[in-house]
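Colleague: Data file start34.txt (compact mmCIF, C-alpha atoms) is appended below.
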# COMPACT_ATOMS: atom_id res chain seq x y z
CA MET A 1 19.24 22.26 62.13
CA ILE A 2 17.22 22.86 65.28
CA PRO A 3 17.42 19.96 67.78
CA HIS A 4 14.20 18.08 68.49
CA ALA A 5 11.94 19.81 71.00
CA GLY A 6 11.31 17.21 73.68
CA PRO A 7 10.13 17.24 77.31
CA ALA A 8 10.82 20.32 79.37
CA PRO A 9 13.72 19.45 81.71
CA ALA A 10 13.73 20.60 85.30
CA ALA A 11 15.36 23.96 85.78
CA GLY A 12 18.93 23.74 86.93
CA PRO A 13 22.51 24.69 86.10
CA GLY A 14 23.19 24.62 82.39
CA LEU A 15 19.61 23.83 81.40
CA VAL A 16 16.95 25.84 79.55
CA PRO A 17 13.68 25.58 81.56
CA GLY A 18 10.41 25.66 79.65
CA CYS A 19 11.91 25.30 76.16
CA CYS A 20 10.03 22.12 75.30
CA ILE A 21 6.29 21.65 75.33
CA LEU A 22 5.92 18.31 73.53
CA CYS A 23 7.34 15.18 75.16
CA ARG A 24 9.66 12.62 73.67
CA ALA A 25 12.26 10.58 75.50
CA GLY A 26 15.85 11.03 74.45
CA CYS A 27 15.59 14.68 73.48
CA ASN A 28 19.02 16.31 73.48
CA LEU A 29 17.73 19.17 75.59
CA SER A 30 16.91 16.71 78.39
CA GLN A 31 20.58 15.78 78.75
CA PRO A 32 22.29 17.78 81.52
CA GLY A 33 25.45 18.25 79.49
CA PHE A 34 23.81 19.38 76.28
CA VAL A 35 24.07 23.12 76.86
CA ARG A 36 27.77 23.00 77.56
CA GLY A 37 29.42 23.12 74.17
CA ASN A 38 26.16 24.06 72.38
CA GLU A 39 25.70 27.58 73.66
CA SER A 40 24.96 29.00 70.21
CA VAL A 41 22.20 26.45 69.54
CA VAL A 42 20.56 27.12 72.91
CA SER A 43 20.75 30.86 72.31
CA ASN A 44 19.00 30.34 68.97
CA LEU A 45 16.29 28.30 70.67
CA LYS A 46 15.76 30.98 73.30
CA ASN A 47 15.19 33.54 70.57
CA ARG A 48 12.76 31.25 68.72
CA ILE A 49 10.67 30.52 71.77
CA HIS A 50 8.98 33.84 71.00
CA HIS A 51 8.24 32.52 67.48
CA PRO A 52 7.25 28.85 68.00
CA GLU A 53 5.94 28.55 64.44
CA GLU A 54 9.55 28.51 63.23
CA ILE A 55 10.32 25.48 65.42
CA ILE A 56 7.18 23.70 64.25
CA MET A 57 7.87 24.26 60.55
CA ALA A 58 11.54 23.28 60.86
CA ASN A 59 11.00 20.12 62.91
CA PRO A 60 9.02 17.16 61.47
CA SER A 61 8.84 15.53 64.92
CA VAL A 62 7.03 18.53 66.39
CA ARG A 63 4.61 18.66 63.45
CA SER A 64 3.86 14.97 63.91
CA ALA A 65 3.26 15.43 67.63
CA LEU A 66 0.85 18.29 66.95
CA ARG A 67 -1.12 16.15 64.51
CA ILE A 68 -1.45 13.44 67.16
CA LEU A 69 -2.50 16.04 69.73
CA PHE A 70 -5.36 17.44 67.65
CA LEU A 71 -6.43 13.99 66.40
CA SER A 72 -6.69 12.85 70.01
CA ALA A 73 -8.77 15.92 70.86
CA GLY A 74 -11.14 15.12 68.00
CA LEU A 75 -11.52 11.49 69.09
CA LEU A 76 -12.28 12.61 72.65
CA ALA A 77 -14.99 14.94 71.37
CA VAL A 78 -16.59 12.18 69.26
CA ALA A 79 -16.45 9.63 72.07
CA ALA A 80 -17.94 11.97 74.70
CA PRO A 81 -21.59 11.21 75.58
CA ALA A 82 -24.15 13.81 74.55
CA GLY A 83 -24.88 16.42 77.16
CA VAL A 84 -21.51 16.37 78.90
CA ALA A 85 -18.86 19.03 79.02
CA VAL A 86 -15.69 18.18 77.14
CA ALA A 87 -12.34 19.57 78.21
CA GLY A 88 -9.09 18.75 76.49
CA PRO A 89 -6.23 20.27 74.50
CA LEU A 90 -8.61 22.38 72.43
CA SER A 91 -10.18 23.85 75.58
CA TRP A 92 -7.01 25.92 75.96
CA PHE A 93 -8.31 27.99 73.02
CA HIS A 94 -12.09 27.65 73.05
CA GLY A 95 -13.06 27.11 76.68
CA GLU A 96 -15.45 24.45 77.96
CA ARG A 97 -17.73 22.90 75.34
CA VAL A 98 -21.19 21.66 76.36
CA GLN A 99 -23.05 19.46 73.88
CA GLY A 100 -26.85 19.52 73.86
CA SER A 101 -28.65 16.38 75.03
CA GLY A 102 -31.00 16.29 72.05
CA LYS A 103 -34.10 16.59 74.24
CA ILE A 104 -35.66 19.91 73.18
CA VAL A 105 -37.79 21.83 75.67
CA LYS A 106 -39.37 25.30 75.77
CA GLN A 107 -39.00 27.67 78.68
CA ASN A 108 -40.92 30.94 79.12
CA ARG A 109 -39.07 33.63 81.02
CA GLU A 110 -40.30 36.91 82.45
CA THR A 111 -38.29 40.09 81.96
CA GLY A 112 -38.35 43.71 82.98
CA HIS A 113 -38.94 46.53 80.50
CA PHE A 114 -36.33 46.89 77.75
CA THR A 115 -35.83 48.80 74.50
CA SER A 116 -32.52 47.26 73.40
CA LEU A 117 -31.35 43.71 72.69
CA ALA A 118 -27.80 42.31 72.90
CA THR A 119 -27.05 38.65 72.20
CA SER A 120 -23.79 36.69 72.24
CA LEU A 121 -25.28 33.22 71.75
CA SER A 122 -24.77 31.20 68.57
CA GLY A 123 -28.51 30.57 68.27
CA ASN A 124 -31.29 32.34 66.38
CA VAL A 125 -33.25 35.19 67.99
CA GLU A 126 -36.62 36.35 66.64
CA ILE A 127 -38.07 39.68 67.79
CA ARG A 128 -41.86 40.05 67.84
CA ILE A 129 -43.30 43.50 68.50
CA GLY A 130 -46.53 43.58 70.49
CA ASN A 131 -48.08 44.51 73.83
CA THR A 132 -46.09 42.13 76.04
CA GLU A 133 -42.47 41.62 77.06
CA GLY A 134 -40.75 38.31 77.72
CA VAL A 135 -38.50 35.59 76.33
CA THR A 136 -39.13 32.02 75.18
CA VAL A 137 -36.06 29.79 74.96
CA GLU A 138 -36.31 26.57 72.92
CA THR A 139 -33.25 24.32 73.14
CA ASP A 140 -31.80 21.20 74.78
CA ASP A 141 -32.91 20.64 78.38
CA ASN A 142 -29.34 20.54 79.71
CA LEU A 143 -28.51 23.90 78.10
CA GLN A 144 -31.44 25.90 79.51
CA ALA A 145 -29.70 26.64 82.81
CA LEU A 146 -26.59 27.80 80.92
CA ILE A 147 -28.46 30.53 79.01
CA GLU A 148 -28.92 33.84 80.79
CA THR A 149 -31.64 36.35 79.89
CA VAL A 150 -31.40 39.48 82.01
CA VAL A 151 -32.37 43.14 81.63
CA ASP A 152 -29.57 45.58 82.41
CA ASN A 153 -30.19 49.33 82.09
CA GLY A 154 -32.93 48.85 79.54
CA THR A 155 -31.03 46.24 77.51
CA LEU A 156 -32.13 42.61 77.32
CA ARG A 157 -28.91 40.58 77.35
CA ILE A 158 -28.97 37.00 76.08
CA LYS A 159 -25.72 35.17 76.76
CA PRO A 160 -24.09 32.07 78.28
CA THR A 161 -23.91 32.10 82.07
CA ARG A 162 -20.10 31.98 81.81
CA LYS A 163 -17.77 33.50 79.24
CA ASP A 164 -15.67 30.32 78.95
CA VAL A 165 -18.64 28.08 78.01
CA ASN A 166 -19.49 27.19 74.39
CA LEU A 167 -22.99 25.77 73.92
CA GLU A 168 -23.48 23.38 71.00
CA SER A 169 -26.97 22.49 69.83
CA HIS A 170 -28.85 21.68 66.63
CA THR A 171 -31.83 23.63 68.00
CA MET A 172 -31.46 26.96 69.76
CA LYS A 173 -34.35 29.29 69.02
CA ILE A 174 -35.17 32.30 71.15
CA VAL A 175 -38.33 34.39 70.71
CA VAL A 176 -38.27 37.88 72.23
CA GLN A 177 -41.58 39.66 72.84
CA ALA A 178 -41.04 43.44 73.00
CA ARG A 179 -43.12 46.59 73.00
CA SER A 180 -40.46 48.53 71.11
CA ILE A 181 -36.83 48.10 70.09
CA GLU A 182 -34.34 50.91 69.46
CA LYS A 183 -31.06 48.99 69.34
CA ILE A 184 -29.90 45.47 68.37
CA ALA A 185 -26.36 44.21 68.98
CA VAL A 186 -25.05 40.79 67.91
CA ALA A 187 -21.69 39.35 68.95
CA GLY A 188 -20.11 36.10 67.78
CA SER A 189 -22.05 33.95 65.30
CA GLY A 190 -25.58 34.65 66.52
CA SER A 191 -28.42 35.89 64.31
CA VAL A 192 -31.41 38.16 64.90
CA GLU A 193 -34.57 38.57 62.81
CA ALA A 194 -37.19 41.27 63.26
CA ASP A 195 -40.24 42.60 61.43
CA LYS A 196 -41.93 46.01 61.55
CA LEU A 197 -39.51 47.89 63.76
CA HIS A 198 -40.79 51.46 64.17
CA ALA A 199 -38.74 53.97 66.18
CA GLU A 200 -37.48 57.53 65.87
CA SER A 201 -33.89 56.29 66.04
CA LEU A 202 -32.54 52.76 65.46
CA THR A 203 -29.04 51.35 65.92
CA PHE A 204 -27.69 48.02 64.67
CA ASP A 205 -24.29 46.62 65.69
CA VAL A 206 -22.88 43.33 64.38
CA GLY A 207 -19.58 41.84 65.52
CA GLY A 208 -17.79 38.67 64.47
CA SER A 209 -19.76 36.57 61.98
CA GLY A 210 -23.18 37.49 63.37
CA SER A 211 -26.14 38.64 61.27
CA ILE A 212 -29.25 40.82 61.51
CA ASN A 213 -32.26 40.69 59.17
CA VAL A 214 -34.84 43.47 59.58
CA ARG A 215 -37.95 43.79 57.40
CA ASN A 216 -40.40 46.70 57.02
CA LEU A 217 -38.25 49.16 58.92
CA GLU A 218 -39.63 52.66 59.63
CA SER A 219 -37.45 55.32 61.28
CA GLU A 220 -36.19 58.88 61.16
CA SER A 221 -32.56 57.86 61.68
CA VAL A 222 -30.78 54.49 61.34
CA ALA A 223 -27.14 53.74 62.18
CA ILE A 224 -25.53 50.46 61.09
CA SER A 225 -22.09 49.31 62.26
CA LEU A 226 -20.44 46.04 61.20
CA GLY A 227 -17.18 44.50 62.32
CA GLY A 228 -15.45 41.29 61.25
CA SER A 229 -17.42 39.22 58.73
CA GLY A 230 -20.87 40.20 59.97
CA ASN A 231 -23.90 40.70 57.73
CA LEU A 232 -26.98 42.94 57.88
CA LYS A 233 -30.01 42.94 55.60
CA ALA A 234 -32.77 45.56 55.85
CA SER A 235 -35.86 46.79 54.00
CA GLY A 236 -38.30 49.62 54.60
CA ASN A 237 -38.20 53.44 54.65
CA VAL A 238 -35.99 55.85 56.62
CA GLU A 239 -35.02 59.50 56.43
CA ARG A 240 -31.31 59.24 57.33
CA LEU A 241 -29.08 56.18 57.02
CA GLN A 242 -25.50 55.93 58.25
CA VAL A 243 -23.45 52.80 57.49
CA SER A 244 -20.00 51.87 58.78
CA VAL A 245 -18.33 48.60 57.73
CA ALA A 246 -14.97 47.31 58.94
CA GLY A 247 -13.25 44.08 57.94
CA SER A 248 -15.19 41.90 55.49
CA GLY A 249 -18.68 42.78 56.72
CA ARG A 250 -21.59 43.20 54.29
CA VAL A 251 -24.64 45.48 54.40
CA GLN A 252 -27.57 44.65 52.11
CA ALA A 253 -29.79 47.73 52.27
CA GLY A 254 -30.80 48.02 48.63
CA GLN A 255 -34.45 47.57 49.67
CA LEU A 256 -34.19 50.25 52.38
CA ALA A 257 -35.21 53.56 50.82
CA ALA A 258 -33.45 56.48 52.52
CA ARG A 259 -33.50 60.20 51.83
CA ASP A 260 -29.90 60.88 52.90
CA VAL A 261 -27.22 58.19 53.09
CA THR A 262 -23.64 58.13 54.38
CA VAL A 263 -21.47 55.05 53.92
CA SER A 264 -17.93 54.43 55.16
CA ILE A 265 -16.13 51.18 54.36
CA GLY A 266 -12.72 49.92 55.44
CA GLY A 267 -10.93 46.69 54.55
CA SER A 268 -12.81 44.41 52.16
CA GLY A 269 -16.31 45.32 53.33
CA GLN A 270 -19.31 45.66 51.01
CA ALA A 271 -22.50 47.71 51.08
CA THR A 272 -25.56 48.21 48.89
CA VAL A 273 -27.84 51.18 49.64
CA TRP A 274 -30.70 53.18 48.12
CA ALA A 275 -30.44 56.98 48.33
CA ARG A 276 -33.11 59.41 47.12
CA GLN A 277 -31.50 62.85 47.70
CA THR A 278 -27.91 62.81 48.96
CA LEU A 279 -25.23 60.12 49.07
CA ASN A 280 -21.85 60.51 50.78
CA LEU A 281 -19.48 57.58 50.16
CA SER A 282 -16.02 56.78 51.50
CA VAL A 283 -14.16 53.58 50.56
CA GLY A 284 -10.82 52.43 51.94
CA GLY A 285 -8.81 49.34 51.07
CA SER A 286 -10.61 46.91 48.75
CA GLY A 287 -14.14 47.76 49.88
CA ASP A 288 -17.03 47.99 47.42
CA ILE A 289 -20.21 50.10 47.41
CA THR A 290 -23.16 49.73 45.07
CA TYR A 291 -26.22 51.97 45.16
CA TYR A 292 -29.63 52.71 43.72
CA GLY A 293 -31.08 56.14 43.01
CA ASP A 294 -29.93 59.37 41.40
CA PRO A 295 -28.81 61.38 44.44
CA GLN A 296 -26.36 64.23 44.78
CA LEU A 297 -23.15 62.20 45.11
CA THR A 298 -19.98 62.89 47.09
CA LYS A 299 -17.35 60.15 47.05
CA SER A 300 -13.82 59.31 48.11
CA VAL A 301 -11.93 56.13 47.18
CA THR A 302 -8.50 55.02 48.36
CA GLY A 303 -6.84 51.74 47.48
CA SER A 304 -8.60 49.31 45.12
CA GLY A 305 -12.14 49.97 46.33
CA THR A 306 -15.01 50.57 43.89
CA ILE A 307 -18.30 52.48 43.70
CA LYS A 308 -21.02 51.48 41.23
CA ARG A 309 -24.57 52.68 40.49
CA LEU A 310 -27.06 49.83 39.96
CA GLY A 311 -30.02 51.83 38.66
CA GLY A 312 -32.79 54.19 39.65
CA SER A 313 -34.49 51.78 42.07
CA PRO A 314 -34.41 48.07 42.93
CA GLN A 315 -36.73 45.81 40.97
Transcribe the structure of this file into structure tokens.
Modeller:
Amino acid sequence: MIPHAGPAPAAGPGLVPGCCILCRAGCNLSQPGFVRGNESVVSNLKNRIHHPEEIIMANPSVRSALRILFLSAGLLAVAAPAGVAVAGPLSWFHGERVQGSGKIVKQNRETGHFTSLATSLSGNVEIRIGNTEGVTVETDDNLQALIETVVDNGTLRIKPTRKDVNLESHTMKIVVQARSIEKIAVAGSGSVEADKLHAESLTFDVGGSGSINVRNLESESVAISLGGSGNLKASGNVERLQVSVAGSGRVQAGQLAARDVTVSIGGSGQATVWARQTLNLSVGGSGDITYYGDPQLTKSVTGSGTIKRLGGSPQ
């Protein structure tokens, strides 16, 4: 049986510094003479420091201490006044959390010229194509200064001012006015919606659990790349469509009519497409592809993945 993991004793002769991360008085490891005569136990502990989950599972006292730790973190979060930053045990993993005040305000921001959009916020972004360029941010008043909208090499970047800040709000809506958009990238859990995107070439990248919804798309060439559990939905008409899905991402392009389509899926990803002339499919792992149309088909399946035709065209 592994001795209880108690407070980390000061380094010194015969002691194991840094073994214990949760405090409890009377831990055997805190006794100066413990190591002498228990060399094999200490050696075992040293090895398991690299695999702390073994200590946690084997020691009820450690599991109990962890429950108290996370319960305390939750109580601190509930008790914190709205609009203040909360730091505690959970901040080790998630960074500083800033809760919105609840007072919603709109802020219009000027931008330079851009043709691409990249967002890493957890809010909703709506793209409106027109004759002007700019950004309107609607969210809590205390969060406005923590949201950055800057144009960098033709890309409008919407992100927190610091990487270690998590903004929490019930209302975070961002409207982007653009003349044209050729690329959209979403990181984290953010979402982007757009209507009537017309460009010779369009690229969509989704990472994490983010999502993109594009309606009435018109383009010569469209490339879609998903990672993690992201989702993309698109409708319209294109000549060439290329889809790449990794992880558990999902592409819903059954309403996007394309002349030539190439789809590559890894992991447990899913994709639905509509091909009119040629369709090249590659499925790895447990991925699934469904398609509309009667194209010239080339396919490759490894693992438990599947390919299924749904019909001539979507209803």
Colleague: List the neighbours of A:Lys173 out to 7 Å using only C-alpha atoms; skip same-chain residues closer than 4 positions along the sequence, and give me the result as a list in words.
Modeller: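 Selected residues are Gly123, Asn124, Val125, Val137, Glu138 and Thr139 of chain A.
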Colleague: Output the selection as an mmCIF file, in the frame of the given file - C-alpha atoms for each residue.
Modeller:
data_model
loop_
_atom_site.group_PDB
_atom_site.id
_atom_site.type_symbol
_atom_site.label_atom_id
_atom_site.label_comp_id
_atom_site.auth_asym_id
_atom_site.auth_seq_id
_atom_site.Cartn_x
_atom_site.Cartn_y
_atom_site.Cartn_z
ATOM 1 C CA GLY A 123 -28.510 30.570 68.270
ATOM 2 C CA ASN A 124 -31.290 32.340 66.380
ATOM 3 C CA VAL A 125 -33.250 35.190 67.990
ATOM 4 C CA VAL A 137 -36.060 29.790 74.960
ATOM 5 C CA GLU A 138 -36.310 26.570 72.920
ATOM 6 C CA THR A 139 -33.250 24.320 73.140
#
Colleague: For the atom pair atom CA of A:Ser282 and atom CA of A:Gly303, what is the interatomic distance in Å to one decimal place?
Modeller: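 Result for atom CA of A:Ser282 versus atom CA of A:Gly303: 11.2 Å, one decimal.
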Colleague: I'd like the interatomic distance between atom CA of A:Arg157 and atom CA of A:Gly269, to a tenth of an Å.
Modeller: 27.5 Å
Colleague: Could you check which of A:Ala187, A:Ile147, A:Leu156, A:Leu167 is closest to A:Ser120, using all atoms listed in the file?
Modeller: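 Of all the options, A:Ala187 lies closest to A:Ser120.
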Colleague: With 6 Å added on each side, what axis-aligned box encloses every listed atom of stretch 288-304 of chain A? Give the centre and edge lengths in Å to one decimal, as JSON.
Modeller:
{"center_x": -19.0, "center_y": 56.1, "center_z": 44.9, "size_x": 36.2, "size_y": 28.2, "size_z": 19.0}
Colleague: Which one of A:Val150, A:Leu117, A:Ile224, A:Val176 sits closest to A:Val135 if you count only C-alpha atoms?
Modeller: A:Val176
Colleague: Choose the residue, out of A:Val186, A:Val175, A:Val151, A:Leu143, that has the smallest atom-to-atom separation from A:Ala118; count all atoms listed in the file.
Modeller: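 Among the listed residues, A:Val186 lies closest to A:Ala118.
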Colleague: Applying 12 Å and all atoms listed in the file, which residues near A:Asn216 remain after dropping the ones on its own chain fewer than 4 positions away? List them as a PDB file with C-alpha atoms, keeping the file's coordinate frame.
Modeller:
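Contents of result37.pdb, as written:
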ATOM      1  CA  GLU A 193     -34.570  38.570  62.810  1.00  0.00           C
ATOM      2  CA  ALA A 194     -37.190  41.270  63.260  1.00  0.00           C
ATOM      3  CA  ASP A 195     -40.240  42.600  61.430  1.00  0.00           C
ATOM      4  CA  LYS A 196     -41.930  46.010  61.550  1.00  0.00           C
ATOM      5  CA  LEU A 197     -39.510  47.890  63.760  1.00  0.00           C
ATOM      6  CA  HIS A 198     -40.790  51.460  64.170  1.00  0.00           C
ATOM      7  CA  ALA A 199     -38.740  53.970  66.180  1.00  0.00           C
ATOM      8  CA  LYS A 233     -30.010  42.940  55.600  1.00  0.00           C
ATOM      9  CA  ALA A 234     -32.770  45.560  55.850  1.00  0.00           C
ATOM     10  CA  SER A 235     -35.860  46.790  54.000  1.00  0.00           C
ATOM     11  CA  GLY A 236     -38.300  49.620  54.600  1.00  0.00           C
ATOM     12  CA  ASN A 237     -38.200  53.440  54.650  1.00  0.00           C
ATOM     13  CA  VAL A 238     -35.990  55.850  56.620  1.00  0.00           C
ATOM     14  CA  ALA A 253     -29.790  47.730  52.270  1.00  0.00           C
ATOM     15  CA  GLN A 255     -34.450  47.570  49.670  1.00  0.00           C
ATOM     16  CA  LEU A 256     -34.190  50.250  52.380  1.00  0.00           C
ATOM     17  CA  ALA A 257     -35.210  53.560  50.820  1.00  0.00           C
TER      18      ALA A 257
END
Colleague: Contacts of A:Ser169 at 10 Å or less, counting only C-alpha atoms, minus same-chain residues fewer than 5 places along, as a PyMOL selection string?
Modeller: chain A and resi 83+98-102+104+122-123+139-140+143
Colleague: Please produce an output containing C-alpha atoms for each residue in the selection, written as a PDB file, keeping the file's coordinate frame.
Modeller:
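The result, stored in selection09.pdb:
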ATOM      1  CA  GLY A  83     -24.880  16.420  77.160  1.00  0.00           C
ATOM      2  CA  VAL A  98     -21.190  21.660  76.360  1.00  0.00           C
ATOM      3  CA  GLN A  99     -23.050  19.460  73.880  1.00  0.00           C
ATOM      4  CA  GLY A 100     -26.850  19.520  73.860  1.00  0.00           C
ATOM      5  CA  SER A 101     -28.650  16.380  75.030  1.00  0.00           C
ATOM      6  CA  GLY A 102     -31.000  16.290  72.050  1.00  0.00           C
ATOM      7  CA  ILE A 104     -35.660  19.910  73.180  1.00  0.00           C
ATOM      8  CA  SER A 122     -24.770  31.200  68.570  1.00  0.00           C
ATOM      9  CA  GLY A 123     -28.510  30.570  68.270  1.00  0.00           C
ATOM     10  CA  THR A 139     -33.250  24.320  73.140  1.00  0.00           C
ATOM     11  CA  ASP A 140     -31.800  21.200  74.780  1.00  0.00           C
ATOM     12  CA  LEU A 143     -28.510  23.900  78.100  1.00  0.00           C
TER      13      LEU A 143
END
Colleague: Near A:Gly207, counting all atoms listed in the file, which residues have an atom at most 10 Å away, once you skip same-chain residues fewer than 6 positions from it, shown as number ranges by chain?
Modeller: A: 120, 185-190, 225-231, 246, 249
Colleague: What is the distance between atom CA of A:Gln270 and atom CA of A:Gly311, in Å to one decimal?
Modeller: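 Atom-to-atom, atom CA of A:Gln270 and atom CA of A:Gly311 are spaced 17.5 Å apart.
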Colleague: Counting all atoms listed in the file, which residue out of A:Ser180, A:Ser286, A:Thr262, A:Gln315 sits closest to A:Arg128?
Modeller: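 So, comparing all the options, the nearest one is A:Ser180.
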Colleague: Using all atoms listed in the file, which protein or nucleic acid residues come within 10 Å of A:Gly285? Drop anything in the same chain fewer than 5 positions from it, and give the result as a PyMOL selection string.
Modeller: chain A and resi 247+265-269+301-306
Colleague: Between A:Leu121, A:Ile174, A:Ile307, A:Leu281, single out the one closest to A:Gln107, counting only C-alpha atoms.
Modeller: A:Ile174
